[in-house]
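Chemist: File follows, data10.txt with compact mmCIF, C-alpha atoms:
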```
# COMPACT_ATOMS: atom_id res chain seq x y z
CA MET A 1 -15.09 105.80 223.94
CA ALA A 2 -17.15 108.07 226.21
CA ASN A 3 -18.33 107.00 229.66
CA ILE A 4 -22.11 107.14 229.95
CA LEU A 5 -24.67 107.61 232.70
CA ILE A 6 -28.25 106.62 231.80
CA LYS A 7 -30.65 108.34 234.20
CA ASN A 8 -34.27 107.77 235.28
CA ALA A 9 -34.96 104.70 233.12
CA GLU A 10 -37.28 101.77 233.45
CA ILE A 11 -34.68 98.96 233.49
CA ILE A 12 -35.57 95.43 232.41
CA THR A 13 -32.57 93.53 233.71
CA MET A 14 -33.18 89.87 232.66
CA ASN A 15 -30.92 88.88 235.56
CA LYS A 16 -31.68 85.61 237.34
CA GLN A 17 -34.53 87.24 239.24
CA GLU A 18 -35.70 89.07 236.09
CA GLU A 19 -35.90 92.26 238.11
CA ILE A 20 -37.52 95.37 236.68
CA PHE A 21 -37.09 98.75 238.36
CA HIS A 22 -36.58 102.46 237.75
CA GLY A 23 -33.08 103.81 238.14
CA ASP A 24 -29.74 104.60 236.57
CA ILE A 25 -26.96 102.71 234.76
CA ARG A 26 -23.32 103.78 234.74
CA ILE A 27 -21.14 102.61 231.83
CA LYS A 28 -17.34 102.87 231.91
CA ASP A 29 -15.49 101.93 228.74
CA SER A 30 -17.28 98.77 227.56
CA LEU A 31 -18.79 97.63 230.86
CA ILE A 32 -21.74 98.29 233.15
CA VAL A 33 -20.07 99.34 236.39
CA GLU A 34 -22.98 100.54 238.54
CA ILE A 35 -26.76 100.18 238.67
CA GLY A 36 -28.80 102.11 241.21
CA SER A 37 -30.87 105.19 241.82
CA GLY A 38 -29.84 108.78 242.30
CA LEU A 39 -26.45 108.27 240.64
CA THR A 40 -24.62 111.49 239.82
CA ALA A 41 -22.40 112.20 236.84
CA GLN A 42 -18.67 111.78 237.28
CA GLY A 43 -16.01 113.62 235.30
CA ASP A 44 -16.75 113.77 231.60
CA GLU A 45 -19.59 111.22 231.59
CA ARG A 46 -22.24 111.74 228.97
CA VAL A 47 -25.64 111.82 230.67
CA ILE A 48 -28.62 110.31 228.83
CA ASP A 49 -31.94 111.36 230.34
CA ALA A 50 -34.09 108.24 229.99
CA THR A 51 -37.23 109.61 231.61
CA ASN A 52 -40.21 107.77 230.10
CA ARG A 53 -37.77 105.40 228.40
CA THR A 54 -37.15 101.66 228.86
CA VAL A 55 -33.67 100.13 228.79
CA ILE A 56 -33.38 96.48 227.76
CA PRO A 57 -30.50 94.12 227.06
CA GLY A 58 -29.65 94.32 223.38
CA PHE A 59 -31.27 91.56 221.37
CA VAL A 60 -29.16 88.54 220.41
CA GLN A 61 -30.21 87.08 217.04
CA THR A 62 -28.79 83.61 216.55
CA HIS A 63 -29.48 83.06 212.85
CA ILE A 64 -28.85 85.78 210.25
CA HIS A 65 -27.58 85.85 206.63
CA LEU A 66 -26.09 89.31 206.03
CA CYS A 67 -25.01 88.17 202.55
CA GLN A 68 -28.68 87.86 201.57
CA THR A 69 -29.94 91.29 202.60
CA LEU A 70 -29.56 92.55 199.03
CA PHE A 71 -31.98 89.84 197.88
CA ARG A 72 -34.93 91.20 199.88
CA GLY A 73 -38.06 90.82 197.75
CA LYS A 74 -36.39 88.51 195.20
CA GLY A 75 -37.35 85.20 196.83
CA ASP A 76 -41.00 85.73 197.67
CA ASP A 77 -43.68 83.04 197.59
CA LEU A 78 -41.45 79.99 197.11
CA GLU A 79 -40.78 76.88 199.24
CA LEU A 80 -37.30 76.27 200.59
CA MET A 81 -35.61 74.16 197.91
CA ASP A 82 -37.08 76.19 195.02
CA TRP A 83 -36.16 79.36 196.90
CA LEU A 84 -32.56 78.17 197.12
CA ARG A 85 -32.20 76.74 193.62
CA LYS A 86 -34.04 79.40 191.63
CA ARG A 87 -33.10 82.55 193.54
CA ILE A 88 -30.70 82.47 196.46
CA TRP A 89 -27.91 80.27 195.16
CA PRO A 90 -27.68 82.06 191.77
CA LEU A 91 -27.62 85.45 193.52
CA GLU A 92 -25.04 84.34 196.09
CA ALA A 93 -22.88 82.98 193.26
CA ALA A 94 -23.00 86.40 191.57
CA HIS A 95 -21.78 88.31 194.65
CA ASP A 96 -18.62 90.41 194.30
CA GLU A 97 -16.59 92.12 197.00
CA ASP A 98 -18.54 95.40 196.96
CA SER A 99 -21.97 93.77 196.79
CA LEU A 100 -21.20 91.56 199.78
CA TYR A 101 -19.90 94.51 201.80
CA TYR A 102 -23.01 96.59 201.15
CA SER A 103 -25.35 93.64 201.65
CA ALA A 104 -23.80 93.22 205.10
CA MET A 105 -23.98 96.94 205.85
CA LEU A 106 -27.62 97.08 204.76
CA GLY A 107 -28.52 94.27 207.15
CA ILE A 108 -26.42 95.67 209.99
CA GLY A 109 -28.06 99.08 209.66
CA GLU A 110 -31.46 97.45 210.01
CA LEU A 111 -30.35 95.34 212.96
CA ILE A 112 -28.82 98.22 214.91
CA SER A 113 -31.86 100.37 214.18
CA SER A 114 -34.15 97.75 215.73
CA GLY A 115 -32.14 97.09 218.90
CA THR A 116 -30.14 93.99 217.94
CA THR A 117 -26.62 94.14 219.34
CA THR A 118 -25.32 90.59 218.67
CA ILE A 119 -25.80 88.27 215.68
CA VAL A 120 -24.83 84.78 214.59
CA ASP A 121 -24.27 85.29 210.87
CA MET A 122 -23.75 82.85 208.01
CA GLU A 123 -22.14 84.30 204.91
CA THR A 124 -21.79 82.90 201.40
CA VAL A 125 -18.93 80.92 199.83
CA ASN A 126 -16.88 83.80 198.42
CA HIS A 127 -15.60 87.23 199.54
CA THR A 128 -16.45 86.66 203.23
CA ASP A 129 -13.62 88.93 204.36
CA PHE A 130 -15.64 91.90 203.08
CA ALA A 131 -18.58 91.00 205.30
CA PHE A 132 -16.20 90.88 208.26
CA GLN A 133 -14.95 94.32 207.27
CA ALA A 134 -18.52 95.64 207.42
CA ILE A 135 -19.08 94.00 210.81
CA ALA A 136 -15.83 95.49 212.11
CA LYS A 137 -16.66 99.02 210.92
CA SER A 138 -20.25 98.97 212.16
CA GLY A 139 -19.52 98.08 215.78
CA ILE A 140 -22.11 95.29 216.03
CA ARG A 141 -21.15 92.16 217.98
CA ALA A 142 -21.07 89.08 215.76
CA LEU A 143 -20.20 85.44 215.34
CA SER A 144 -19.79 84.92 211.61
CA GLY A 145 -18.25 82.56 209.11
CA LYS A 146 -18.07 81.73 205.42
CA VAL A 147 -20.60 79.16 204.30
CA MET A 148 -19.14 75.78 203.36
CA MET A 149 -20.51 73.84 200.36
CA ASP A 150 -18.26 71.07 199.03
CA GLN A 151 -20.93 68.64 197.79
CA LYS A 152 -20.62 68.57 194.00
CA GLY A 153 -23.39 68.49 191.40
CA GLY A 154 -27.09 69.10 191.66
CA ASP A 155 -28.52 72.56 191.04
CA VAL A 156 -25.77 74.42 192.89
CA PRO A 157 -24.02 77.03 190.70
CA GLU A 158 -20.42 76.21 189.92
CA ALA A 159 -19.19 79.31 191.79
CA LEU A 160 -20.60 77.85 195.02
CA GLN A 161 -19.16 74.34 194.58
CA GLU A 162 -16.02 74.17 196.69
CA ASP A 163 -13.05 71.90 196.98
CA THR A 164 -13.12 70.34 200.45
CA ALA A 165 -9.57 71.24 201.41
CA ALA A 166 -9.88 74.75 200.02
CA SER A 167 -13.13 75.38 201.92
CA LEU A 168 -11.54 74.26 205.17
CA GLN A 169 -8.36 76.27 204.60
CA GLU A 170 -10.22 79.47 203.75
CA SER A 171 -12.37 79.04 206.85
CA VAL A 172 -9.31 78.61 209.06
CA ASP A 173 -7.61 81.61 207.44
CA LEU A 174 -10.64 83.78 208.17
CA LEU A 175 -10.82 82.44 211.72
CA GLU A 176 -7.19 83.26 212.38
CA LYS A 177 -7.66 86.77 211.02
CA TRP A 178 -10.95 87.72 212.67
CA ASN A 179 -11.64 85.51 215.70
CA GLY A 180 -11.24 87.69 218.81
CA TYR A 181 -11.09 90.97 216.87
CA ASP A 182 -11.72 94.14 218.90
CA ASN A 183 -11.40 92.52 222.31
CA GLY A 184 -13.63 89.62 221.30
CA ARG A 185 -16.44 91.62 219.71
CA ILE A 186 -16.08 89.49 216.56
CA GLN A 187 -15.82 85.72 216.77
CA TYR A 188 -15.63 83.07 214.10
CA ALA A 189 -18.15 80.25 213.64
CA PHE A 190 -17.64 77.37 211.21
CA SER A 191 -20.67 77.44 208.92
CA PRO A 192 -21.40 74.32 206.85
CA ARG A 193 -24.61 75.24 205.04
CA PHE A 194 -26.54 72.05 205.76
CA VAL A 195 -26.04 68.31 205.40
CA ILE A 196 -27.22 68.34 201.77
CA SER A 197 -24.42 70.67 200.66
CA CYS A 198 -21.54 69.16 202.66
CA THR A 199 -19.52 65.96 202.39
CA GLU A 200 -18.90 63.78 205.40
CA PRO A 201 -15.12 64.44 205.38
CA LEU A 202 -15.78 68.19 205.57
CA LEU A 203 -18.25 67.83 208.44
CA LYS A 204 -15.84 65.63 210.38
CA GLU A 205 -13.03 68.13 209.92
CA VAL A 206 -15.35 70.95 211.04
CA ARG A 207 -16.05 68.91 214.18
CA ASP A 208 -12.33 68.64 214.91
CA LEU A 209 -11.53 72.28 214.08
CA SER A 210 -14.39 73.52 216.27
CA ALA A 211 -12.93 71.60 219.21
CA ARG A 212 -9.36 72.68 218.45
CA TYR A 213 -10.18 76.39 218.27
CA ASN A 214 -13.11 76.22 220.75
CA VAL A 215 -15.49 78.04 218.39
CA LYS A 216 -19.11 77.49 217.44
CA VAL A 217 -20.52 75.54 214.50
CA HIS A 218 -23.55 77.19 212.88
CA THR A 219 -25.69 75.26 210.39
CA HIS A 220 -29.27 74.53 209.28
CA ALA A 221 -31.19 71.39 210.20
CA SER A 222 -34.68 69.95 209.74
CA GLU A 223 -36.16 73.12 208.28
CA ASN A 224 -38.25 71.47 205.59
CA GLN A 225 -39.69 67.98 205.06
CA GLY A 226 -38.25 67.76 201.55
CA GLU A 227 -34.80 68.55 202.94
CA ILE A 228 -35.14 65.76 205.52
CA GLU A 229 -36.08 63.26 202.80
CA ILE A 230 -32.93 64.19 200.85
CA VAL A 231 -30.75 63.81 203.96
CA GLN A 232 -32.26 60.41 204.72
CA ALA A 233 -31.62 59.28 201.15
CA MET A 234 -28.00 60.48 201.41
CA THR A 235 -27.13 59.20 204.88
CA GLY A 236 -29.82 56.74 205.97
CA MET A 237 -30.48 58.97 208.99
CA ARG A 238 -32.45 62.01 210.01
CA ASN A 239 -30.60 65.34 210.28
CA VAL A 240 -29.92 65.55 214.00
CA VAL A 241 -29.18 61.83 214.30
CA TYR A 242 -26.61 62.13 211.50
CA LEU A 243 -24.97 65.20 213.07
CA ASP A 244 -24.78 63.32 216.36
CA HIS A 245 -23.35 60.28 214.57
CA LEU A 246 -20.55 62.52 213.29
CA GLY A 247 -19.86 63.92 216.76
CA LEU A 248 -21.07 67.44 215.91
CA ALA A 249 -23.97 67.49 218.37
CA ASN A 250 -22.56 69.29 221.41
CA GLU A 251 -22.74 72.61 223.25
CA ARG A 252 -20.77 74.36 220.47
CA LEU A 253 -23.46 73.59 217.85
CA ILE A 254 -26.12 76.17 216.87
CA LEU A 255 -28.86 74.66 214.68
CA ALA A 256 -31.19 76.97 212.79
CA HIS A 257 -34.87 76.01 212.47
CA CYS A 258 -35.41 72.40 213.75
CA VAL A 259 -39.03 72.52 212.59
CA TRP A 260 -39.40 68.78 211.99
CA LEU A 261 -37.91 66.71 214.82
CA ASP A 262 -38.80 63.30 216.17
CA ALA A 263 -38.49 62.22 219.80
CA GLU A 264 -35.00 60.83 219.36
CA GLU A 265 -33.75 64.08 217.84
CA LYS A 266 -35.23 66.15 220.67
CA ARG A 267 -33.50 63.86 223.16
CA ILE A 268 -30.18 64.34 221.38
CA LEU A 269 -30.55 68.12 221.40
CA ARG A 270 -31.28 68.11 225.12
CA ASP A 271 -28.65 65.58 226.17
CA ARG A 272 -25.87 67.10 224.06
CA GLY A 273 -26.63 70.73 224.98
CA VAL A 274 -27.22 71.76 221.36
CA HIS A 275 -28.62 75.27 220.83
CA VAL A 276 -31.64 75.76 218.55
CA SER A 277 -32.35 79.06 216.78
CA HIS A 278 -36.09 79.40 216.22
CA CYS A 279 -36.94 81.49 213.13
CA PRO A 280 -40.76 81.78 213.06
CA GLY A 281 -41.02 84.50 210.38
CA SER A 282 -38.87 82.59 207.92
CA ASN A 283 -40.52 79.25 208.67
CA LEU A 284 -43.97 80.70 208.03
CA LYS A 285 -43.08 82.57 204.84
CA LEU A 286 -41.35 79.57 203.25
CA ALA A 287 -44.23 77.34 204.45
CA SER A 288 -41.68 75.14 206.21
CA GLY A 289 -43.89 74.66 209.25
CA ILE A 290 -44.15 75.63 212.90
CA ALA A 291 -41.45 74.36 215.24
CA ASP A 292 -42.58 72.73 218.47
CA THR A 293 -40.99 75.29 220.74
CA PRO A 294 -43.29 74.54 223.71
CA GLY A 295 -42.23 70.91 223.51
CA MET A 296 -38.56 71.83 223.22
CA LEU A 297 -38.76 74.14 226.23
CA HIS A 298 -40.55 71.42 228.19
CA ASP A 299 -37.74 69.03 227.25
CA HIS A 300 -35.10 71.59 228.33
CA VAL A 301 -33.70 72.21 224.85
CA HIS A 302 -31.81 75.52 224.64
CA LEU A 303 -33.82 77.98 222.52
CA SER A 304 -33.06 81.40 221.03
CA LEU A 305 -34.45 83.51 218.18
CA GLY A 306 -33.34 84.69 214.77
CA ALA A 307 -34.86 86.42 211.76
CA ASP A 308 -32.91 84.38 209.17
CA GLY A 309 -32.29 86.27 205.90
CA ALA A 310 -34.07 89.22 204.33
CA PRO A 311 -35.36 87.27 201.26
CA CYS A 312 -37.29 84.80 203.43
CA ASN A 313 -38.74 87.06 206.10
CA ASN A 314 -38.48 89.96 204.77
CA ASN A 315 -37.04 91.88 207.70
CA LEU A 316 -34.50 91.38 210.46
CA ASP A 317 -36.72 92.64 213.27
CA MET A 318 -36.61 90.91 216.66
CA PHE A 319 -39.88 92.52 217.71
CA ASN A 320 -41.57 90.71 214.84
CA GLU A 321 -39.90 87.40 215.74
CA MET A 322 -40.86 87.66 219.42
CA ARG A 323 -44.50 88.37 218.63
CA LEU A 324 -44.69 85.55 216.10
CA ALA A 325 -42.90 83.10 218.40
CA ALA A 326 -45.58 83.75 221.00
CA ILE A 327 -48.78 83.88 218.99
CA ILE A 328 -48.29 81.07 216.45
CA GLN A 329 -48.31 78.47 219.24
CA LYS A 330 -51.45 79.62 221.02
CA PRO A 331 -54.11 78.19 218.64
CA HIS A 332 -52.62 74.70 219.11
CA HIS A 333 -51.40 74.79 222.72
CA GLY A 334 -53.58 77.38 224.46
CA PRO A 335 -53.25 81.10 225.30
CA THR A 336 -50.78 80.65 228.16
CA THR A 337 -48.24 78.86 225.94
CA MET A 338 -45.08 80.76 224.95
CA ASP A 339 -45.86 83.70 227.20
CA ALA A 340 -44.18 87.06 226.69
CA ARG A 341 -41.44 86.44 229.24
CA SER A 342 -40.48 83.13 227.65
CA VAL A 343 -39.94 84.66 224.23
CA PHE A 344 -38.22 87.79 225.61
CA ARG A 345 -35.89 85.43 227.46
CA MET A 346 -35.13 83.67 224.16
CA ALA A 347 -34.38 87.04 222.52
CA THR A 348 -31.91 88.15 225.19
CA ILE A 349 -30.28 85.82 227.71
CA GLY A 350 -31.25 82.75 225.65
CA GLY A 351 -29.31 84.12 222.71
CA ALA A 352 -26.39 84.96 224.99
CA LYS A 353 -26.29 81.34 226.15
CA ALA A 354 -26.35 80.13 222.55
CA VAL A 355 -23.19 82.10 221.73
CA GLY A 356 -21.52 81.09 225.00
CA MET A 357 -21.53 84.64 226.37
CA GLU A 358 -24.19 84.54 229.09
CA ASP A 359 -21.55 85.80 231.53
CA LYS A 360 -20.97 88.89 229.36
CA ILE A 361 -24.20 89.84 227.55
CA GLY A 362 -27.95 89.12 227.53
CA SER A 363 -28.83 90.88 230.78
CA ILE A 364 -28.23 94.20 232.49
CA GLU A 365 -25.89 93.47 235.41
CA VAL A 366 -22.79 95.03 236.91
CA GLY A 367 -19.69 93.61 235.26
CA LYS A 368 -21.41 92.71 232.00
CA LYS A 369 -20.83 94.30 228.61
CA ALA A 370 -22.78 97.48 227.95
CA ASP A 371 -24.88 96.06 225.09
CA LEU A 372 -28.19 97.89 225.48
CA ALA A 373 -31.16 99.32 223.65
CA ILE A 374 -33.20 102.29 224.84
CA LEU A 375 -36.87 102.23 223.84
CA ASN A 376 -39.39 105.02 223.76
CA LEU A 377 -42.64 103.38 224.81
CA TYR A 378 -44.27 106.70 225.61
CA ASN A 379 -46.73 106.45 222.73
CA PHE A 380 -50.30 105.67 221.74
CA HIS A 381 -49.67 102.05 220.73
CA THR A 382 -47.97 101.13 224.02
CA PHE A 383 -50.35 102.85 226.48
CA PRO A 384 -51.80 102.60 229.03
CA SER A 385 -48.71 101.52 230.92
CA TYR A 386 -50.24 101.47 234.39
CA ASP A 387 -50.28 98.01 235.97
CA ILE A 388 -49.05 96.33 232.75
CA ASP A 389 -46.13 93.89 232.64
CA PRO A 390 -43.37 95.88 230.87
CA ILE A 391 -42.17 92.77 229.05
CA SER A 392 -45.64 92.11 227.68
CA ARG A 393 -45.71 95.70 226.40
CA ILE A 394 -42.48 95.06 224.50
CA VAL A 395 -43.42 91.66 223.05
CA TYR A 396 -47.02 92.40 222.10
CA SER A 397 -47.19 96.17 221.54
CA ALA A 398 -43.78 97.66 220.79
CA THR A 399 -42.20 97.90 217.33
CA ARG A 400 -38.70 98.47 215.99
CA ALA A 401 -39.61 102.13 215.46
CA ASP A 402 -39.64 102.48 219.25
CA VAL A 403 -35.86 101.91 219.47
CA GLU A 404 -34.13 105.26 220.02
CA THR A 405 -30.59 104.35 221.03
CA THR A 406 -28.44 101.24 220.60
CA ILE A 407 -25.18 100.67 222.50
CA VAL A 408 -22.62 97.89 221.94
CA ASP A 409 -19.49 97.51 224.04
CA GLY A 410 -20.24 100.88 225.62
CA LYS A 411 -20.19 102.59 222.22
CA ILE A 412 -23.30 104.36 220.96
CA LEU A 413 -24.07 102.96 217.49
CA MET A 414 -27.42 104.71 217.14
CA ASP A 415 -28.17 107.93 219.00
CA LYS A 416 -31.85 108.95 219.13
CA GLY A 417 -32.45 107.35 215.75
CA LEU A 418 -29.26 108.57 214.08
CA LEU A 419 -26.84 105.83 213.02
CA LYS A 420 -23.27 106.70 213.97
CA THR A 421 -21.26 103.92 212.27
CA VAL A 422 -23.34 103.18 209.15
CA ASP A 423 -23.71 105.82 206.42
CA LYS A 424 -27.38 105.31 205.60
CA ASP A 425 -27.53 107.25 202.32
CA THR A 426 -24.41 105.60 200.91
CA VAL A 427 -25.54 102.11 201.91
CA LEU A 428 -29.01 102.52 200.38
CA GLN A 429 -27.62 103.90 197.13
CA GLU A 430 -24.96 101.18 196.87
CA ALA A 431 -27.53 98.50 197.71
CA ASN A 432 -29.57 99.41 194.63
CA ARG A 433 -26.48 99.58 192.45
CA SER A 434 -25.29 96.22 193.73
CA ILE A 435 -28.52 94.28 193.29
CA LYS A 436 -28.90 95.66 189.77
CA ARG A 437 -25.43 94.30 188.96
CA LEU A 438 -26.12 90.91 190.59
CA LEU A 439 -29.39 90.43 188.72
CA VAL A 440 -27.54 90.84 185.43
CA HIS A 441 -24.78 88.41 186.41
CA SER A 442 -27.11 85.82 187.96
CA LYS A 443 -29.48 85.91 184.96
CA ILE A 444 -32.59 85.59 187.12
CA SER A 445 -35.61 87.78 186.49
```
For the structure just supplied, provide its representation as structure tokens.
Modeler:
Amino acid sequence: MANILIKNAEIITMNKQEEIFHGDIRIKDSLIVEIGSGLTAQGDERVIDATNRTVIPGFVQTHIHLCQTLFRGKGDDLELMDWLRKRIWPLEAAHDEDSLYYSAMLGIGELISSGTTTIVDMETVNHTDFAFQAIAKSGIRALSGKVMMDQKGGDVPEALQEDTAASLQESVDLLEKWNGYDNGRIQYAFSPRFVISCTEPLLKEVRDLSARYNVKVHTHASENQGEIEIVQAMTGMRNVVYLDHLGLANERLILAHCVWLDAEEKRILRDRGVHVSHCPGSNLKLASGIADTPGMLHDHVHLSLGADGAPCNNNLDMFNEMRLAAIIQKPHHGPTTMDARSVFRMATIGGAKAVGMEDKIGSIEVGKKADLAILNLYNFHTFPSYDIDPISRIVYSATRADVETTIVDGKILMDKGLLKTVDKDTVLQEANRSIKRLLVHSKIS
């Protein structure tokens, strides 16, 4: 691991004062050890000249499905439950070890290329160890876990219908193997898919295991009105009320979506310290709705951002999610709602808080992990730069193509556009081979 000195950069810190200034960043091993101006190289430091470049905290995406990246383009123009039943569940059931590995690598390559350094990932039922292997090899920071689905019957393929005890045991086995890997770069998160697919005994045991191991629980809630109706028929309660009834609503819980909430549910989220991952691209494409993020922020609910999976977005691009998160609210709530700084905060330090790592990532400060992205905003679509808020330039004008370099734990994963830990040609070739195989086995067109 080389020590690095980044020189002459515009630095967007996202520290408590949200300071922005021009200067230098010194990285030693995995940490930021000095921030200032006029710093000089020491010993064998690699010097990165960041003149006309902007350094930001790496993005933290709090809802991703690496297992679904292979399905990009195969779930278009469907609503949530049809999307799951007709496409996603059959394809997930067809996954084998190689297909899951390359699905994960395909997604990770896209994420690193667009400046995301940390993800909260939900895998599928089977072969999850191979996704962890991809995460380990790639160098990305991740909380991940096998999806849990022990509710029998319905339209769920048999390969995804689990025995309760077996699902719990496999999850614990994966946790004990991977949680804390590489000095904490990989962490485990229990991942019950959603209330519809999980029995109450499983959810209660997840609650207890999360407390015992002090790890996160990552699940979906209140994404779609049809889903809520099914949950109410099953439990007699709305999603968040039911999760709170089971004792799952606490600071360790990350809930994806939360599009359809009532006042009581918002109160529970706030009072219990639950973290909500807002996924605007996915919610729009599946016609699930538009989450009331201004209301949640007003009520002091913890918010972060995620792209969800490739077959419901169809990309994993935080620039896209930030822009959407800002502009979809403005027709209803006015132009000042969800301003650029609010959504950039969600994409960085907000995500760090969701994963319980705000003391380590999410901002550029001495003593924090060197998880950074270097952007080249010296271009037609981001100029003029004079007297413009740099964060507004990023949220409203920049694109993922502007990311030049991505660093995680002080290790350069992409260097001026060249991926260092993901073999692009191999991954793209194996992705096509894998999806061809899965389409045959899943028997979907």
Chemist: Near Asp98 in chain A, counting all atoms listed in the file, which residues have an atom at most 12 Å away, once you skip same-chain residues fewer than 6 positions from it, shown as a list in words?
Modeler: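 Near neighbours after the sequence-gap exclusion: Cys67, Leu70, Ala104, Met105, Asn126, His127, Thr128, Asp129, Phe130, Ala131, Gln133, Ala134, Val427, Glu430, Ala431, Asn432, Arg433, Ser434, Ile435, Arg437 and Leu438 of chain A.
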Chemist: I'd like a table as a Markdown table: residues in range 41-155 of chain A with an atom no more than 12 Å from range 290-303 of chain A, each row giving the shortest atom pair and its distance in Å to one decimal, all atoms listed in the file counted, sorted by chain and rising residue number.
Modeler:
```
| residue | atom | partner | partner_atom | distance |
| --- | --- | --- | --- | --- |
| A:Val60 | CA | A:Leu303 | CA | 11.7 |
| A:Gln61 | CA | A:Leu303 | CA | 11.2 |
| A:Thr62 | CA | A:Leu303 | CA | 9.6 |
| A:His63 | CA | A:Leu303 | CA | 11.8 |
```
Chemist: So what do you get for CA of Glu19 in chain A versus CA of Met357 in chain A, distance-wise?
Modeler: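 Taking CA of Glu19 in chain A as the start and CA of Met357 in chain A as the end point, the length is 20.1 Å.
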Chemist: Restricting the calculation to only C-alpha atoms: of A:Ile112, A:Ala370, A:Gln169, A:Val125, which residue gets closest to Ala93 in chain A?
Modeler: A:Val125
Chemist: Using only C-alpha atoms, can you tell me which of A:Val217, A:Leu78, A:Leu284, A:Ile6 comes closest to Ile254 in chain A?
Modeler: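 Of A:Val217, A:Leu78, A:Leu284, A:Ile6, the one nearest Ile254 in chain A is A:Val217, counting only C-alpha atoms.
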Chemist: Could you jot down the CA of Lys16 in chain A to CA of Ser385 in chain A separation for me, Å, one decimal place?
Modeler: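 CA of Ser385 in chain A lies 24.2 Å from CA of Lys16 in chain A.
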Chemist: Can you tell me, as a PyMOL selection string, what residues are no more than 10 Å from range 225-232 of chain A when counting all atoms listed in the file, ignoring any on the same chain fewer than 2 positions away?
Modeler: chain A and resi 79-81+194-197+221-223+234-240+242+259-261+288-289
Chemist: Smallest atom-to-atom distance to Lys146 in chain A: which of A:Leu305, A:Leu255, A:Ala189, A:Ile64, using only C-alpha atoms?
Modeler: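 Under the stated criterion, the closest residue is A:Ala189.
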Chemist: Pick the closest to Val343 in chain A from A:Leu372, A:Leu377, A:Met14, A:Ile119: which is it, counting all atoms listed in the file?
Modeler: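 Once distances to Val343 in chain A are computed over all atoms listed in the file, the minimum belongs to A:Met14.
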Chemist: Determine, counting all atoms listed in the file, which protein, DNA and RNA residues have an atom within 12 Å of an atom of Ala340 in chain A; residues of the same chain fewer than 2 positions away are not included. Present the result as a VMD selection string.
Modeler: chain A and resid 319 321 to 327 330 335 to 338 342 to 347 389 to 397
Chemist: Can you measure CA of Leu143 in chain A to CA of Leu174 in chain A for me? One decimal in Å is fine.
Modeler: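 Interatomic distance, CA of Leu143 in chain A to CA of Leu174 in chain A: 12.1 Å.
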Chemist: Would you be able to write out as a PDB file with C-alpha atoms, in the frame of the given file which residues have an atom within 10 Å of (-41.1, 82.2, 195.4) in the file's coordinates, counting only C-alpha atoms?
Modeler:
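For reference, out_18.pdb as written:
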```pdb
ATOM      1  CA  GLY A  73     -38.060  90.820 197.750  1.00  0.00           C
ATOM      2  CA  LYS A  74     -36.390  88.510 195.200  1.00  0.00           C
ATOM      3  CA  GLY A  75     -37.350  85.200 196.830  1.00  0.00           C
ATOM      4  CA  ASP A  76     -41.000  85.730 197.670  1.00  0.00           C
ATOM      5  CA  ASP A  77     -43.680  83.040 197.590  1.00  0.00           C
ATOM      6  CA  LEU A  78     -41.450  79.990 197.110  1.00  0.00           C
ATOM      7  CA  GLU A  79     -40.780  76.880 199.240  1.00  0.00           C
ATOM      8  CA  LEU A  80     -37.300  76.270 200.590  1.00  0.00           C
ATOM      9  CA  ASP A  82     -37.080  76.190 195.020  1.00  0.00           C
ATOM     10  CA  TRP A  83     -36.160  79.360 196.900  1.00  0.00           C
ATOM     11  CA  LEU A  84     -32.560  78.170 197.120  1.00  0.00           C
ATOM     12  CA  LYS A  86     -34.040  79.400 191.630  1.00  0.00           C
ATOM     13  CA  ARG A  87     -33.100  82.550 193.540  1.00  0.00           C
ATOM     14  CA  LYS A 285     -43.080  82.570 204.840  1.00  0.00           C
ATOM     15  CA  LEU A 286     -41.350  79.570 203.250  1.00  0.00           C
ATOM     16  CA  PRO A 311     -35.360  87.270 201.260  1.00  0.00           C
ATOM     17  CA  CYS A 312     -37.290  84.800 203.430  1.00  0.00           C
TER      18      CYS A 312
END
```
Chemist: Between A:Pro90, A:Gly356, A:Gly247, A:Gly109, which has the minimum distance to Val215 in chain A (counting only C-alpha atoms)?
Modeler: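 That would be A:Gly356, the residue with the smallest distance to Val215 in chain A.
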Chemist: Point out the residue among A:Gly153, A:Val147, A:Ser442, A:Gln68 with the least atom-to-atom distance to Val206 in chain A, counting all atoms listed in the file.
Modeler: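 Of all the options, A:Val147 lies closest to Val206 in chain A.
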Chemist: I'd like the neighbourhood of range 159-166 of chain A as JSON, numbers by chain, where a residue qualifies if any of its atoms comes within 10 Å (using all atoms listed in the file), though same-chain residues fewer than 6 positions away should be ignored.
Modeler: {"A": [89, 90, 92, 93, 94, 95, 124, 125, 126, 147, 148, 149, 150, 151, 152, 153, 172, 197, 198, 199, 201, 202, 203, 205]}
Chemist: Kindly provide, as AutoDock Vina command-line options, the centre and edge lengths (Å, one decimal) of an axis-aligned box around all atoms of range 188-197 of chain A given in the file, with 8 Å on each side.
Modeler:
```
--center_x -21.4 --center_y 75.7 --center_z 207.4 --size_x 27.6 --size_y 30.8 --size_z 29.4
```
Chemist: Would you kindly return, as a ChimeraX atom specification, each protein, DNA or RNA residue with an atom no farther than 12 Å from any atom of Val408 in chain A, considering all atoms listed in the file and excluding same-chain residues fewer than 2 positions away?
Modeler: /A:1,27,29-32,57-60,112,115-119,138-142,182,185-186,360-362,368-374,405-406,410-415,420-421
